[in-house]
Amino acid sequence: MATAKEKKAPAKKEASKKETAPKLQYSKERYMFWYENMLLQRRFEEKAGQLYGQQKIRGFCHLYIGQEACSSGTATALTPDDKYITAYRDHGMPLALGTSPNAIMAELFGKETGTTKGKGGSMHIFDKERNFMGGHGIVGAQIPLGAGIAFAEQYNETGNVCICFFGDGAVRQGAFHEALNMAMTWKLPVIFVVENNGYAMGTSVGRSSNVTELYTLGEAYDIPSEPVDGMNVEAIHEAVSRAAERARKGDGPTYLEFRTYRYRGHSMSDPQKYRTKEEVEEYKLRDPIENVKQVILKHNFATEEELDAIDKGIKATVAEAVKFADESDFPDAKEAYTDVYAQEDYPFIME
């Protein structure tokens with residue numbers, strides 16, 4: 001049996017020079033956006049965890065708590081016309097992009113007012129209006145899809161990029177290597193991001209591979225690759241901005257390793273026996289929301305009272321989302337036959 005030391009994810013090392021966060025160079029408005037945006041994700045998912053325990057939310061539920069800097073930093077680095085795709089830990093990204101909390105909560109409840117009419121649930125949030133191309137339940141399946149989306153943007157000469165997120169467990173999939181090879185060969189405008197929270201489902205990086213510096217995997221395909229402090233929203237914004245600039249110039253993909261950490265288990269059913277409580281508390285000291293809060297207070301962008309008021313408002317927003325979801329109807333049984341095929345008169349559906 002592995003010791004506690006062996007179980008601890010080895011990828012959580014001191015930030016290298018590449019990972020060093022930039023000095024303060026953003027406006028009050030940007031810091032306030034980051035704070036409110038990350039706090040909305042945090043409060044939304046805290047409530048989702050409670051509702052799961054009450055069986056209001058069923059099936060699978062994978063929380064993003066602790067990783068909010070990854071989505072918020074990305075949202076400010078890219079444009080609304082760019083495309084976003086991720087895995088099944090997918091509540092945070094659409095919230096960062098502005099998807100209605102009501103619609104996301106309704107989807108978690110399986111209601112017809114949800115983002116996918118109650119058919120997708122927690123693992124399959126989509127928002128076409130905001131170019132969020134969805135959460136995907138098959139490990140690594142979204143990686144070639146992300147490359148394909150980028151190919152479409154390149155083919156149509158839109159100037160847009162696609163950012164494709166996946167977890168550290170997905171880099172063991174063959175589709176990951178195939179997609180990186182094709183993307184670099186064709187110089188596709190795609191940003192590959194591994195959100196390395198250290199444990200995949202529950203096995204540390206060090207116990208599943210000899211390669212623990214995951215950003216080096218991109219170097220095998222000559223893709224510019226670097227580690228990024230995933231607990232620092234400024235560092236995320238900077239790294240994604242650089243990658244997007246490269247992609248828009250036609251220089252091809254970038255591969256980023258966001259070294260982040262989730263405070264909750266892999267899913268709501270995870271007892272988390274593979275890590276210590278002390279380790280979790282250690283990472284909470286680097287909490288991305290608290291980091292931004294301290295910058296705001298230090299530079300007098302807002303007072304404690306004003307931040308408390310923001311928190312109160314966000315809690316009210318989440319409460320309204322729960323009320324909306326609770327009062328919405330479940331989809332009619334006939335909806336099982338809609339949105340399956342693009343051809344509306346597809347003749348081989350048997351009712």
# chains A, B, ... in the order shown; residues from 1 in each chain; ligands from 1
>>> select_by_dssp(residues="region 132-169 of chain A", states="strand (DSSP E or B)", output="list of chain:residue names")
A:Phe132, A:Met133, A:Gly134, A:Gly135, A:His136, A:Cys162, A:Ile163, A:Cys164, A:Phe165, A:Phe166, A:Gly167
>>> write_last_selection(atoms="N, CA and C atoms", output="mmCIF file, in the first residue's frame")
data_model
loop_
_atom_site.group_PDB
_atom_site.id
_atom_site.type_symbol
_atom_site.label_atom_id
_atom_site.label_comp_id
_atom_site.auth_asym_id
_atom_site.auth_seq_id
_atom_site.Cartn_x
_atom_site.Cartn_y
_atom_site.Cartn_z
ATOM 1 N N PHE A 132 -19.747 27.831 -26.419
ATOM 2 C CA PHE A 132 -19.295 26.762 -25.526
ATOM 3 C C PHE A 132 -19.763 25.441 -26.125
ATOM 4 N N MET A 133 -18.805 24.692 -26.647
ATOM 5 C CA MET A 133 -19.117 23.493 -27.415
ATOM 6 C C MET A 133 -19.296 22.251 -26.554
ATOM 7 N N GLY A 134 -19.411 22.471 -25.280
ATOM 8 C CA GLY A 134 -19.888 21.407 -24.424
ATOM 9 C C GLY A 134 -18.897 20.720 -23.522
ATOM 10 N N GLY A 135 -19.487 20.079 -22.525
ATOM 11 C CA GLY A 135 -18.766 19.143 -21.686
ATOM 12 C C GLY A 135 -18.944 17.759 -22.273
ATOM 13 N N HIS A 136 -17.927 16.921 -22.184
ATOM 14 C CA HIS A 136 -17.955 15.609 -22.836
ATOM 15 C C HIS A 136 -17.569 14.513 -21.852
ATOM 16 N N CYS A 162 -9.746 27.821 -31.019
ATOM 17 C CA CYS A 162 -10.487 26.908 -30.157
ATOM 18 C C CYS A 162 -9.588 26.542 -28.985
ATOM 19 N N ILE A 163 -10.120 26.640 -27.776
ATOM 20 C CA ILE A 163 -9.373 26.189 -26.609
ATOM 21 C C ILE A 163 -10.016 24.910 -26.106
ATOM 22 N N CYS A 164 -9.192 23.909 -25.899
ATOM 23 C CA CYS A 164 -9.660 22.572 -25.571
ATOM 24 C C CYS A 164 -9.088 22.135 -24.227
ATOM 25 N N PHE A 165 -9.971 21.944 -23.230
ATOM 26 C CA PHE A 165 -9.566 21.540 -21.890
ATOM 27 C C PHE A 165 -9.758 20.038 -21.684
ATOM 28 N N PHE A 166 -8.868 19.457 -20.893
ATOM 29 C CA PHE A 166 -9.005 18.052 -20.508
ATOM 30 C C PHE A 166 -8.216 17.837 -19.228
ATOM 31 N N GLY A 167 -8.487 16.721 -18.558
ATOM 32 C CA GLY A 167 -7.817 16.448 -17.301
ATOM 33 C C GLY A 167 -6.521 15.683 -17.481
#
>>> residues_around(residues="Thr260 (chain A)", least_positions_apart="6", cutoff="9 Å", atoms="only C-alpha atoms", output="count of residues only")
14
>>> select_by_dssp(residues="region 294-338 of chain A", states="alpha helix (DSSP H)", output="list in words")
Gln294, Val295, Ile296, Leu297, Lys298, Glu304, Glu305, Glu306, Leu307, Asp308, Ala309, Ile310, Asp311, Lys312, Gly313, Ile314, Lys315, Ala316, Thr317, Val318, Ala319, Glu320, Ala321, Val322, Lys323, Phe324, Ala325, Asp326 and Glu327 of chain A
>>> closest_atom_pairs(of="region 9-97 of chain A", to="region 291-299 of chain A", cutoff="8 Å", atoms="only C-alpha atoms", output="JSON lines")
{"residue": "A:Lys28", "atom": "CA", "partner": "A:Ile296", "partner_atom": "CA", "distance": 7.6}
{"residue": "A:Tyr31", "atom": "CA", "partner": "A:Val292", "partner_atom": "CA", "distance": 6.8}
{"residue": "A:Met32", "atom": "CA", "partner": "A:Ile296", "partner_atom": "CA", "distance": 7.5}
{"residue": "A:Trp34", "atom": "CA", "partner": "A:Val292", "partner_atom": "CA", "distance": 7.4}
{"residue": "A:Tyr35", "atom": "CA", "partner": "A:Val292", "partner_atom": "CA", "distance": 6.2}
>>> write_last_selection(atoms="N, CA, C and O atoms", output="compact mmCIF listing (two decimals), in the first residue's frame")
# COMPACT_ATOMS: atom_id res chain seq x y z
N LYS A 28 -8.86 47.92 -12.40
CA LYS A 28 -9.81 47.57 -11.34
C LYS A 28 -10.95 46.74 -11.91
O LYS A 28 -11.37 45.74 -11.29
N TYR A 31 -9.95 43.04 -12.35
CA TYR A 31 -9.86 42.31 -11.09
C TYR A 31 -11.24 42.08 -10.48
O TYR A 31 -11.50 41.02 -9.92
N MET A 32 -12.10 43.07 -10.60
CA MET A 32 -13.45 42.90 -10.06
C MET A 32 -14.21 41.84 -10.85
O MET A 32 -14.97 41.05 -10.27
N TRP A 34 -12.83 39.24 -12.38
CA TRP A 34 -12.28 37.94 -11.97
C TRP A 34 -12.86 37.51 -10.62
O TRP A 34 -13.24 36.36 -10.44
N TYR A 35 -12.92 38.47 -9.69
CA TYR A 35 -13.42 38.13 -8.36
C TYR A 35 -14.88 37.67 -8.42
O TYR A 35 -15.23 36.61 -7.90
>>> closest_residue(among="A:Pro189, A:Gly146, A:Gly202, A:Gly140", to="Ala175 (chain A)", atoms="only C-alpha atoms")
A:Gly140
>>> closest_residue(among="A:Ala96, A:Leu214, A:Ile314, A:Val190", to="Asp82 (chain A)", atoms="only C-alpha atoms")
A:Val190
